[in-house]
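Step one of this worksheet: look at the structure below.
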Amino acid sequence: MKKPITRGLFIFAASIVIIVCIFPFYWAIVSSLKKPFEMAAYPPIFIPTTFNVFYYLRLFLKRGFATYGINSIIVALSTTLLSVGIGSFAGYSLAKLPFTKTMRNLVGTAILAVYLVPHVVLAIPLFSWFRRLGLFDTKVGLVLTYSVIYVPLVVWICRGYMQNIPQTIEDAAIVDGCSRFGVFLRIVLPMSTTALITAAIITFIFSWNEFAIALFLTATENSQTLPIGVYGLRSHQAFTWQVMAAGGVVTSIPAILFSIFATGYLVKGLAFQLEK
Amino acid sequence: MYKVKSKYLTSWLFLMPVLFCTAFVIVIPLGYLFYFIFTNEENHFIGLQNLIRFSQDSTTLTSLWITLKFVLISVPIQLGIGMAIAHLLDNLSPRVKKVALVSLIVPMIIPYVVSGLIWSLLFNRMFGVVNYLLEFVRIGPVSWLSDPSVVMYSITIISSWIWMPFVVIILYSGIQAVPGQLREAAGLDGASSWRVFRHVALPFLKPFFVIAAFVRLSDAFKTFDEVFVATEGGPYLASELMSIRIYRIGMKQVRLHYASVLALFLLILVLLCSIGIIRALWKE
């Protein structure tokens with residue numbers, strides 16, 4: 001089969017890849033726990049000697065990160081609910097409901113095009129528009145915007161998944177007198193939990209991580225989210241690196257949770273394909 | 001009673017919420033964008049003045065050039081390294097492959113601002129890990145983020161670190177799509193793994209490569225978060241990407257109407273790059 005030397009090389013290369021991918025985040029965790037003089041140490045200290053949670057406390061008590069955290073949770077959850085809610089309807093519509101061929105393609109492409117708009121580009125007029133509407137610096141404004149920006153992903157996922165639901169099951173229900181709406185609620189949705197969960201997770205993480213839109217549309221802790229908080233730590237005069245790193249780690253929590261739990265799930269899917 | 005007879009009614013009804021919200025958050029603001037371009041800050045119509053100003057604004061044009069350089073350097077790097085790693089993944093045992101895949105997801109999923117933050121720590125001239133490692137190969141301390149001639153490389157590194165896994169995953173699924181028999185046959189004939197890759201896998205990979213290339217191309221123009229947090233436009237605007245320039249003009253200088261010209265320009269740039277993606281997806 002494969003020569004051991006080639007195998008060794010591949011494993012070596014793989015280790016480099018793994019280290020390069022993981023190290024920066026490891027560094028953030030380690031930095032957030034260092035004592036003051038350890039941070040500026042040279043050569044840099046790679047393995048922490050103490051587990052100093054002081055800076056995390058500092059983050060939450062002095063820097064108002066708790067508010068940012070709550071805002072992030074509310075905004076991300078609401079966005080996920082709204083986006084998956086309306087996106088599943090749209091996805092089903094494009095998957096199963098009658099359309100002329102060009103119309104279906106047109107609508108599908110138009111919705112996808114929404115995802116392609118640069119956030120900074122959208123934010124310029126949105127800033128003005130939302131100010132006029134009183135939606136500036138509100139969580140509602142953020143939720144509305146995030147939902148629309150990420151709904152194309154939901155629509156795409158749901159559409160792809162729902163297309164594979166056998167038409168016969170739906171037809172049987174319709175023959176029994178069920179309305180399209182009923183079919184959707186009682187048959188299609190329960191059968192699409194995988195897609196809905198995937199869409200929900202993706203939407204949650206993307207809206208949690210969102211920064212550019214929030215930068216334009218928020219001004220106070222009324223609506224500012226964790227990524228904005230992280231940026232604030234960076235440009236604040238009295239910064240300490242440990243606090244910055246701690247902020248970064250906290251903001252990355254959903255991402256890390258996903259990596260630990262959901263990739264196991266994703267990898268199983270891939271592993272299944274590998275076994276073929 | 002008059003009954004609405006269109007068989008498309010329900011289809012559109014299901015789409016209504018998405019269409020309505022999109023009209024509210026996207027269509028109307030884009031309309032505003034066009035309106036802003038032809039008006040000044042007091043909302044008086046000024047015709048093409050903003051556009052003329054744009055063509056004469058050397059700082060903004062430099063920013064455009066910086067953005068082009070950034071995109072044209074980053075994307076090929078990401079594609080090249082991504083291809084190499086995808087090939088590498090293909091040759092790993094399942095267990096190592098699993099660990100590698102999970103690690104590859106990390107850079108993509110951590111908030112870009114956090115990545116920018118972490119890398120600015122790593123790129124610190126005095127205490128950063130990168131300079132520490134470079135010492136071993138006798139390269140003197142590099143001012144990654146404060147030297148205007150180097151900062152372009154720094155932001156390329158940061159952005160590529162974040163996005164290279166994306167390319168890997170797309171290309172790797174492409175490699176998976178190569179029928180197993182073909183690969184086995186080539187392997188049995190004694191071809192080295194590189195030749196198998198070149199002549200068997202590569203042709204199958206082409207559509208995946210095209211998709212990855214176009215997506216990364218249009219995405220690269222949109223780069224903002226990680227560069228903004230790391231450099232805020234860089235030492236003396238050396239890393240002022242178009243998106244950052246738009247922020248600076250629109251929010252810092254509060255010239256929303258002029259910023260709209262740049263915004264529209266960037267939008268058109270991105271949409272042009274995305275035509276490749278749209279064409280590919282339209283066929284579905």
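Going by the structure tokens order, chains are called A, B, ..., each with residues numbered from 1, while ligands are numbered from 1 in the order shown.
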Report task. Do a neighbour search on A:Val30 at 9 Å with only C-alpha atoms, toss out local chain neighbours closer than 5 positions, and write the hits as a list of chain:residue names. Result ->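 Neighbouring residues, sequence-local ones excluded: A:Phe25, A:Ile45, A:Phe46, A:Ile47, A:Pro48, A:Phe51, A:Gln242, A:Ala245.
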Write a file of the just-selected residues containing N, CA, C and O atoms, as a JSON list (two decimals), in the first residue's frame.
```
[["chain", "number", "residue", "atom", "x", "y", "z"],
["A", 25, "PHE", "N", -6.48, 30.29, 18.37],
["A", 25, "PHE", "CA", -7.51, 30.31, 19.39],
["A", 25, "PHE", "C", -6.95, 29.83, 20.73],
["A", 25, "PHE", "O", -7.29, 30.37, 21.79],
["A", 45, "ILE", "N", 5.33, 32.98, 26.47],
["A", 45, "ILE", "CA", 5.01, 31.82, 27.28],
["A", 45, "ILE", "C", 3.88, 31.05, 26.62],
["A", 45, "ILE", "O", 2.78, 31.57, 26.44],
["A", 46, "PHE", "N", 4.15, 29.81, 26.25],
["A", 46, "PHE", "CA", 3.14, 29.04, 25.53],
["A", 46, "PHE", "C", 2.25, 28.24, 26.44],
["A", 46, "PHE", "O", 1.11, 27.97, 26.13],
["A", 47, "ILE", "N", 2.80, 27.83, 27.56],
["A", 47, "ILE", "CA", 1.99, 27.01, 28.47],
["A", 47, "ILE", "C", 1.77, 27.80, 29.73],
["A", 47, "ILE", "O", 2.73, 28.18, 30.41],
["A", 48, "PRO", "N", 0.52, 28.06, 30.04],
["A", 48, "PRO", "CA", 0.25, 28.93, 31.18],
["A", 48, "PRO", "C", 0.65, 28.28, 32.50],
["A", 48, "PRO", "O", 0.49, 27.07, 32.68],
["A", 51, "PHE", "N", -3.93, 29.85, 36.25],
["A", 51, "PHE", "CA", -5.23, 30.01, 35.61],
["A", 51, "PHE", "C", -5.92, 31.18, 36.27],
["A", 51, "PHE", "O", -6.67, 31.04, 37.22],
["A", 242, "GLN", "N", -4.89, 40.93, 28.13],
["A", 242, "GLN", "CA", -5.61, 39.80, 28.69],
["A", 242, "GLN", "C", -7.11, 39.99, 28.58],
["A", 242, "GLN", "O", -7.85, 39.07, 28.28],
["A", 245, "ALA", "N", -8.16, 39.43, 25.04],
["A", 245, "ALA", "CA", -8.20, 38.00, 24.73],
["A", 245, "ALA", "C", -9.43, 37.35, 25.38],
["A", 245, "ALA", "O", -10.10, 36.52, 24.76]]
```
Chain B residues near chain A within 7 Å, closest pair each, using only C-alpha atoms, as JSON lines:
```
{"residue": "B:Tyr8", "atom": "CA", "partner": "A:Pro98", "partner_atom": "CA", "distance": 5.9}
{"residue": "B:Ser11", "atom": "CA", "partner": "A:Ser93", "partner_atom": "CA", "distance": 5.4}
{"residue": "B:Phe14", "atom": "CA", "partner": "A:Phe89", "partner_atom": "CA", "distance": 5.4}
{"residue": "B:Leu15", "atom": "CA", "partner": "A:Ala90", "partner_atom": "CA", "distance": 4.7}
{"residue": "B:Pro17", "atom": "CA", "partner": "A:Ile86", "partner_atom": "CA", "distance": 5.9}
{"residue": "B:Val18", "atom": "CA", "partner": "A:Ile86", "partner_atom": "CA", "distance": 5.9}
{"residue": "B:Cys21", "atom": "CA", "partner": "A:Val148", "partner_atom": "CA", "distance": 6.5}
{"residue": "B:Thr22", "atom": "CA", "partner": "A:Val148", "partner_atom": "CA", "distance": 5.8}
{"residue": "B:Val25", "atom": "CA", "partner": "A:Thr145", "partner_atom": "CA", "distance": 6.1}
{"residue": "B:Pro29", "atom": "CA", "partner": "A:Pro125", "partner_atom": "CA", "distance": 5.1}
{"residue": "B:Leu30", "atom": "CA", "partner": "A:Pro125", "partner_atom": "CA", "distance": 6.9}
{"residue": "B:Tyr32", "atom": "CA", "partner": "A:Pro125", "partner_atom": "CA", "distance": 5.8}
{"residue": "B:Leu33", "atom": "CA", "partner": "A:Pro125", "partner_atom": "CA", "distance": 5.6}
{"residue": "B:Leu88", "atom": "CA", "partner": "A:Phe10", "partner_atom": "CA", "distance": 6.7}
{"residue": "B:Leu92", "atom": "CA", "partner": "A:Phe10", "partner_atom": "CA", "distance": 6.9}
{"residue": "B:Lys98", "atom": "CA", "partner": "A:Val267", "partner_atom": "CA", "distance": 6.8}
{"residue": "B:Ala100", "atom": "CA", "partner": "A:Ile18", "partner_atom": "CA", "distance": 5.7}
{"residue": "B:Val102", "atom": "CA", "partner": "A:Thr263", "partner_atom": "CA", "distance": 6.4}
{"residue": "B:Ser103", "atom": "CA", "partner": "A:Ile18", "partner_atom": "CA", "distance": 5.7}
{"residue": "B:Leu104", "atom": "CA", "partner": "A:Cys21", "partner_atom": "CA", "distance": 6.0}
{"residue": "B:Val106", "atom": "CA", "partner": "A:Cys21", "partner_atom": "CA", "distance": 6.7}
{"residue": "B:Pro107", "atom": "CA", "partner": "A:Cys21", "partner_atom": "CA", "distance": 6.2}
{"residue": "B:Ile109", "atom": "CA", "partner": "A:Ala255", "partner_atom": "CA", "distance": 5.6}
{"residue": "B:Ile110", "atom": "CA", "partner": "A:Ala255", "partner_atom": "CA", "distance": 5.6}
{"residue": "B:Pro111", "atom": "CA", "partner": "A:Asn209", "partner_atom": "CA", "distance": 4.7}
{"residue": "B:Val113", "atom": "CA", "partner": "A:Pro227", "partner_atom": "CA", "distance": 6.5}
{"residue": "B:Val114", "atom": "CA", "partner": "A:Gly248", "partner_atom": "CA", "distance": 5.1}
{"residue": "B:Ile118", "atom": "CA", "partner": "A:Ala28", "partner_atom": "CA", "distance": 6.3}
{"residue": "B:Phe127", "atom": "CA", "partner": "A:Tyr42", "partner_atom": "CA", "distance": 5.9}
{"residue": "B:Val129", "atom": "CA", "partner": "A:Pro44", "partner_atom": "CA", "distance": 6.6}
{"residue": "B:Tyr132", "atom": "CA", "partner": "A:Pro43", "partner_atom": "CA", "distance": 6.8}
{"residue": "B:Lys222", "atom": "CA", "partner": "A:Pro118", "partner_atom": "CA", "distance": 5.5}
{"residue": "B:Asp225", "atom": "CA", "partner": "A:Ala212", "partner_atom": "CA", "distance": 6.4}
{"residue": "B:Val229", "atom": "CA", "partner": "A:Tyr231", "partner_atom": "CA", "distance": 6.3}
{"residue": "B:Ser243", "atom": "CA", "partner": "A:Val120", "partner_atom": "CA", "distance": 6.2}
{"residue": "B:Gly250", "atom": "CA", "partner": "A:Ile124", "partner_atom": "CA", "distance": 6.7}
{"residue": "B:Leu256", "atom": "CA", "partner": "A:Ile124", "partner_atom": "CA", "distance": 6.6}
{"residue": "B:Ser260", "atom": "CA", "partner": "A:Ile124", "partner_atom": "CA", "distance": 6.8}
{"residue": "B:Ala263", "atom": "CA", "partner": "A:Val121", "partner_atom": "CA", "distance": 4.7}
{"residue": "B:Leu267", "atom": "CA", "partner": "A:Val117", "partner_atom": "CA", "distance": 6.5}
{"residue": "B:Trp282", "atom": "CA", "partner": "A:Asn105", "partner_atom": "CA", "distance": 6.4}
```
Requested in this report: Write out as a ChimeraX atom specification all residues of stretch 57-145 of chain B that DSSP puts in alpha helix (DSSP H) for this structure's backbone.
Outcome: /B:58-90,94-109,112-122,129-135
**Report entry** Proximity to A:Val154 - best of A:Thr225, A:Thr79, A:Thr138, A:Thr168, only C-alpha atoms
**Finding:**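 Under the stated criterion, the closest residue is A:Thr79.
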Query - Of the listed residues B:Phe224, B:Phe136, B:Tyr172, B:Trp163, that which approaches B:Leu205 most closely, counting only C-alpha atoms - result: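 Going through B:Phe224, B:Phe136, B:Tyr172, B:Trp163 one by one, the smallest distance to B:Leu205 is for B:Tyr172.
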Requested in this report: Grab the atom CA of B:Gly174 to atom CA of B:Leu89 distance for me, in Å with one decimal place.
Outcome: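 Atom-to-atom, atom CA of B:Gly174 to atom CA of B:Leu89, that is 12.1 Å.
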Report summary line: Min atom-atom distance to B:Ile46 from the set B:Arg216, B:His257, B:Trp144, B:Met152, counting only C-alpha atoms, belongs to B:His257
**Report entry** Close residues, B:Thr62 itself excluded, 10 Å, only C-alpha atoms, min 3 positions apart in chain, as a list in words
**Finding:** Asp57, Ser58, Thr59, Trp65, Ile66, Thr67, Leu68, Leu237, Ala238, Glu240, Leu241 and Met242 of chain B
Report task. Return the single residue from B:Leu9, B:Ala220, B:Ile175, B:Leu145 that is closest to B:Val270, with distances computed using only C-alpha atoms. Result ->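 Among the listed residues, the smallest separation from B:Val270 belongs to B:Ala220.
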Report task. Record the distance separating atom CA of B:Ser218 and atom CA of B:Cys273, expressed in Å with one decimal. Result ->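 That distance, rounded to one decimal, is 5.2 Å.
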Query raised in the report: Of the residues B:Arg125, B:Arg138, B:His87, B:Arg248, which is the one nearest to B:Ser173, using only C-alpha atoms?
Result: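 Nearest candidate to B:Ser173 out of B:Arg125, B:Arg138, B:His87, B:Arg248: B:His87.
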Query raised in the report: What does the distance between atom CA of A:Lys34 and atom CA of A:Asn71 come to in Å, to one decimal place?
Result: 28.1 Å
Query raised in the report: If you count only C-alpha atoms, which residues fall within 12 Å of B:Leu171, apart from same-chain ones fewer than 3 positions away, as a ChimeraX atom specification?
Result: /B:78-90,164-168,174-178,201-213
Query raised in the report: Which of these residues is nearest to B:Ser159, using only C-alpha atoms: B:Ser120, B:Ser63, B:Thr223, B:Asn131?
Result: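 Distance minimum relative to B:Ser159 lands on B:Thr223.
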